[in-house]
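File shown here: model_12.cif, holding mmCIF, C-alpha atoms.
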```cif
data_structure
loop_
_atom_site.label_atom_id
_atom_site.label_comp_id
_atom_site.auth_asym_id
_atom_site.auth_seq_id
_atom_site.Cartn_x
_atom_site.Cartn_y
_atom_site.Cartn_z
CA MET U 571 -6.27 -2.73 7.02
CA MET U 572 -2.95 -0.88 7.41
CA ASP U 573 -3.57 -0.76 11.16
CA THR U 574 -3.53 -4.57 11.31
CA ILE U 575 -0.07 -4.99 9.75
CA ASP U 576 3.11 -4.70 11.82
CA ASP U 577 5.58 -2.34 10.13
CA PRO U 578 3.93 -2.14 6.70
CA VAL U 579 5.97 -0.95 3.73
CA ILE U 580 4.74 0.15 0.33
CA ILE U 581 6.19 0.26 -3.16
CA GLY U 582 4.14 2.35 -5.55
CA SER U 583 4.66 3.33 -9.16
CA SER U 584 3.06 6.24 -11.01
CA LEU U 585 -0.39 6.84 -9.49
CA GLY U 586 0.49 4.09 -7.01
CA GLY U 587 3.41 6.26 -5.89
CA TYR U 588 0.99 9.12 -5.25
CA TYR U 589 -1.17 6.82 -3.13
CA ALA U 590 1.90 5.43 -1.33
CA ASN U 591 2.92 8.96 -0.36
CA PHE U 592 -0.54 9.48 1.13
CA PHE U 593 -0.19 6.29 3.20
CA VAL U 594 3.22 7.38 4.52
CA GLU U 595 1.57 10.54 5.84
CA GLN U 596 -1.42 8.69 7.29
CA TYR U 597 0.34 5.67 8.84
CA GLY U 598 4.01 6.60 9.18
CA CYS U 599 5.18 3.60 7.15
CA LYS U 600 8.08 3.63 4.69
CA ALA U 601 7.57 3.72 0.93
CA VAL U 602 9.50 3.46 -2.29
CA LEU U 603 8.05 5.76 -4.95
CA VAL U 604 8.86 4.75 -8.52
CA ASN U 605 8.30 7.50 -11.10
CA PRO U 606 5.47 8.79 -8.90
CA ALA U 607 2.72 11.12 -10.00
CA VAL U 608 2.83 14.38 -8.04
CA TYR U 609 -0.18 16.12 -9.60
CA PRO U 610 -2.25 13.25 -11.06
CA ASP U 611 -5.39 15.33 -11.43
CA ARG U 612 -3.57 17.55 -13.95
CA LEU U 613 -2.60 14.58 -16.11
CA LEU U 614 -5.86 12.67 -15.79
CA LYS U 615 -8.01 15.71 -16.53
CA ALA U 616 -7.40 15.01 -20.23
CA TYR U 617 -9.08 11.61 -19.82
CA LEU U 618 -12.39 12.74 -18.30
CA GLY U 619 -15.32 10.75 -19.64
CA PRO U 620 -15.86 7.10 -20.59
CA GLN U 621 -12.80 4.85 -20.32
CA SER U 622 -12.01 1.15 -20.50
CA ASN U 623 -9.36 -0.87 -18.71
CA ASP U 624 -6.88 -2.20 -21.29
CA TYR U 625 -6.36 -5.40 -19.32
CA SER U 626 -9.81 -6.35 -18.02
CA GLY U 627 -11.99 -4.57 -20.57
CA GLU U 628 -14.01 -3.09 -17.70
CA THR U 629 -15.58 0.25 -18.56
CA TYR U 630 -15.96 3.23 -16.24
CA THR U 631 -16.38 6.98 -16.38
CA LEU U 632 -13.66 9.28 -15.07
CA THR U 633 -15.31 12.35 -13.56
CA THR U 634 -14.35 15.73 -12.15
CA GLN U 635 -15.35 14.32 -8.75
CA HIS U 636 -12.52 11.80 -9.12
CA MET U 637 -10.13 14.72 -9.65
CA VAL U 638 -11.43 16.38 -6.47
CA GLU U 639 -10.89 13.12 -4.57
CA LEU U 640 -7.32 12.81 -5.91
CA ARG U 641 -6.48 16.37 -4.86
CA ALA U 642 -7.83 15.62 -1.37
CA LEU U 643 -5.06 13.02 -0.98
CA ALA U 644 -2.31 15.51 -1.80
CA THR U 645 0.51 16.10 0.66
CA VAL U 646 1.31 19.78 0.99
CA GLN U 647 4.29 19.39 3.31
CA MET U 648 5.88 16.07 4.20
CA ALA U 649 6.23 15.36 7.90
CA GLU U 650 8.96 12.73 7.45
CA PRO U 651 10.65 12.84 4.05
CA GLN U 652 13.22 10.27 5.21
CA LYS U 653 10.49 7.60 5.10
CA ARG U 654 10.40 7.83 1.32
CA MET U 655 12.82 6.57 -1.28
CA LEU U 656 12.33 8.16 -4.68
CA MET U 657 13.26 6.35 -7.90
CA LEU U 658 13.11 8.35 -11.12
CA GLN U 659 14.19 7.94 -14.71
CA THR U 660 14.56 11.14 -16.68
CA ALA U 661 13.11 9.85 -19.97
CA ASP U 662 9.73 9.02 -18.40
CA GLU U 663 7.32 9.48 -21.30
CA THR U 664 4.27 9.87 -19.03
CA LEU U 665 5.34 12.16 -16.18
CA ASP U 666 7.77 15.06 -15.87
CA PHE U 667 10.48 13.68 -13.58
CA ASN U 668 11.35 17.24 -12.50
CA GLU U 669 8.06 17.56 -10.59
CA ALA U 670 8.86 14.53 -8.42
CA ALA U 671 12.55 15.44 -8.08
CA HIS U 672 11.55 18.84 -6.72
CA PHE U 673 8.65 17.67 -4.56
CA TYR U 674 10.66 14.83 -2.94
CA ARG U 675 13.98 16.71 -2.82
CA ALA U 676 14.38 16.02 0.93
CA SER U 677 13.94 12.27 0.45
CA ARG U 678 16.53 9.68 -0.50
CA SER U 679 16.61 9.70 -4.30
CA ILE U 680 17.84 7.59 -7.17
CA ILE U 681 17.66 9.53 -10.43
CA GLU U 682 18.83 7.73 -13.55
CA TYR U 683 19.26 9.40 -16.91
CA GLY U 684 17.26 7.73 -19.67
CA GLY U 685 14.87 4.89 -18.95
CA ASP U 686 11.11 5.26 -19.16
CA HIS U 687 7.92 5.29 -17.10
CA SER U 688 8.25 1.57 -16.30
CA PHE U 689 11.68 2.21 -14.70
CA ILE U 690 13.95 0.07 -16.85
CA GLY U 691 16.36 -2.02 -14.76
CA TYR U 692 14.21 -1.85 -11.63
CA ASP U 693 15.40 -5.29 -10.56
CA GLN U 694 19.02 -4.11 -10.18
CA TRP U 695 17.81 -1.80 -7.41
CA LEU U 696 16.06 -4.51 -5.36
CA PRO U 697 18.94 -4.83 -2.84
CA ALA U 698 18.91 -1.04 -2.23
CA ILE U 699 15.12 -1.10 -1.92
CA ALA U 700 15.24 -3.97 0.57
CA ASP U 701 17.96 -2.19 2.53
CA PHE U 702 15.96 1.06 2.66
CA LEU U 703 12.84 -0.78 3.77
CA ALA U 704 14.97 -2.79 6.25
CA LEU U 705 13.89 -6.07 4.67
CA SER U 706 17.41 -7.39 4.19
CA ARG U 707 17.90 -8.54 7.77
#
```
Encoded form (structure tokens):
Amino acid sequence: MMDTIDDPVIIGSSLGGYYANFFVEQYGCKAVLVNPAVYPDRLLKAYLGPQSNDYSGETYTLTTQHMVELRALATVQMAEPQKRMLMLQTADETLDFNEAAHFYRASRSIIEYGGDHSFIGYDQWLPAIADFLALSR
């Protein structure tokens, strides 16, 4: 699908940021990563077993195979860090912002003190996001 879109861009948050990073490597697109997971298999390991989606009620089982599949998407060394814009808030209650700050240190970064995992005040950054993604033409 990504091959059919001219100049795709991605905005991903949390696990979506991890996936967005993978797509940057695979397709060379630009991405904005909002409080992205860097090592999601480490965090999700605690949730192995039966789970249910809080929104849809759908049930599923998180397995060690899922962790293997997540690790397979990991980027060891970024080919083009300039194609990523990192947005972090230091009071993220879900992820350690230091992991992402270190991993994406060569990328454009916005690091705000305070906030939370949802990135409070995200909307104030929309002009900067559009500018980075070259959508403000």
key: Residues selected by the PyMOL selection byres ((chain U and resi 607) around 10), written as a ChimeraX atom specification   = /U:582-589,591,603-606,608-613,664-667,669-670
Query - Residues selected by the PyMOL selection byres ((chain U and resi 652-654) around 12), written as a PyMOL selection string - result: chain U and resi 578-582+587-588+590-595+597-604+606+648-651+655-657+670+673-680+699+702-704
As a check of understanding: the span from atom CA of U:Ala661 to atom CA of U:Asp686 is 5.1 Å
From the list U:Thr631, U:Ser688, U:Gln694, U:Gln596, the nearest residue to U:Ala644 using only C-alpha atoms is U:Gln596
Notebook entry, point to check: So what do you get for atom CA of U:Val638 versus atom CA of U:Lys615, distance-wise?
Noted result: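 Atom CA of U:Val638 sits 10.6 Å away from atom CA of U:Lys615.
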If I take atom CA of U:Pro620 and atom CA of U:Thr633, how far is one from the other in Å, to one decimal?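 Atom CA of U:Pro620 sits 8.8 Å away from atom CA of U:Thr633.
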inquiry  = Evaluate the PyMOL selection byres ((chain U and resi 682) around 9) against this structure - the residues, as number ranges by chain, please.
reply    = U: 657-661, 680-681, 683-685
Can you sort out stretch 577-591 of chain U so it carries N, CA and C atoms, written as a PDB file, in the frame of the given file?
```
ATOM      1  N   ASP U 577       4.562  -2.962  10.972  1.00  0.00           N
ATOM      2  CA  ASP U 577       5.580  -2.340  10.130  1.00  0.00           C
ATOM      3  C   ASP U 577       5.321  -2.512   8.629  1.00  0.00           C
ATOM      4  N   PRO U 578       4.194  -2.021   8.138  1.00  0.00           N
ATOM      5  CA  PRO U 578       3.930  -2.140   6.700  1.00  0.00           C
ATOM      6  C   PRO U 578       4.890  -1.281   5.890  1.00  0.00           C
ATOM      7  N   VAL U 579       5.179  -1.721   4.687  1.00  0.00           N
ATOM      8  CA  VAL U 579       5.970  -0.950   3.730  1.00  0.00           C
ATOM      9  C   VAL U 579       5.212  -0.976   2.403  1.00  0.00           C
ATOM     10  N   ILE U 580       5.456   0.032   1.591  1.00  0.00           N
ATOM     11  CA  ILE U 580       4.740   0.150   0.330  1.00  0.00           C
ATOM     12  C   ILE U 580       5.720   0.468  -0.784  1.00  0.00           C
ATOM     13  N   ILE U 581       5.493  -0.131  -1.936  1.00  0.00           N
ATOM     14  CA  ILE U 581       6.190   0.260  -3.160  1.00  0.00           C
ATOM     15  C   ILE U 581       5.102   0.639  -4.142  1.00  0.00           C
ATOM     16  N   GLY U 582       5.159   1.873  -4.623  1.00  0.00           N
ATOM     17  CA  GLY U 582       4.140   2.350  -5.550  1.00  0.00           C
ATOM     18  C   GLY U 582       4.761   3.017  -6.753  1.00  0.00           C
ATOM     19  N   SER U 583       4.184   2.751  -7.917  1.00  0.00           N
ATOM     20  CA  SER U 583       4.660   3.330  -9.160  1.00  0.00           C
ATOM     21  C   SER U 583       3.577   4.190  -9.788  1.00  0.00           C
ATOM     22  N   SER U 584       3.969   5.341 -10.324  1.00  0.00           N
ATOM     23  CA  SER U 584       3.060   6.240 -11.010  1.00  0.00           C
ATOM     24  C   SER U 584       1.952   6.715 -10.074  1.00  0.00           C
ATOM     25  N   LEU U 585       0.701   6.454 -10.390  1.00  0.00           N
ATOM     26  CA  LEU U 585      -0.390   6.840  -9.490  1.00  0.00           C
ATOM     27  C   LEU U 585      -0.275   6.078  -8.171  1.00  0.00           C
ATOM     28  N   GLY U 586       0.249   4.854  -8.227  1.00  0.00           N
ATOM     29  CA  GLY U 586       0.490   4.090  -7.010  1.00  0.00           C
ATOM     30  C   GLY U 586       1.501   4.762  -6.098  1.00  0.00           C
ATOM     31  N   GLY U 587       2.459   5.491  -6.677  1.00  0.00           N
ATOM     32  CA  GLY U 587       3.410   6.260  -5.890  1.00  0.00           C
ATOM     33  C   GLY U 587       2.741   7.431  -5.184  1.00  0.00           C
ATOM     34  N   TYR U 588       1.778   8.035  -5.852  1.00  0.00           N
ATOM     35  CA  TYR U 588       0.990   9.120  -5.250  1.00  0.00           C
ATOM     36  C   TYR U 588       0.222   8.590  -4.049  1.00  0.00           C
ATOM     37  N   TYR U 589      -0.431   7.434  -4.237  1.00  0.00           N
ATOM     38  CA  TYR U 589      -1.170   6.820  -3.130  1.00  0.00           C
ATOM     39  C   TYR U 589      -0.226   6.401  -2.005  1.00  0.00           C
ATOM     40  N   ALA U 590       0.932   5.850  -2.352  1.00  0.00           N
ATOM     41  CA  ALA U 590       1.900   5.430  -1.330  1.00  0.00           C
ATOM     42  C   ALA U 590       2.329   6.616  -0.480  1.00  0.00           C
ATOM     43  N   ASN U 591       2.553   7.761  -1.108  1.00  0.00           N
ATOM     44  CA  ASN U 591       2.920   8.960  -0.360  1.00  0.00           C
ATOM     45  C   ASN U 591       1.830   9.328   0.643  1.00  0.00           C
TER      46      ASN U 591
END
```
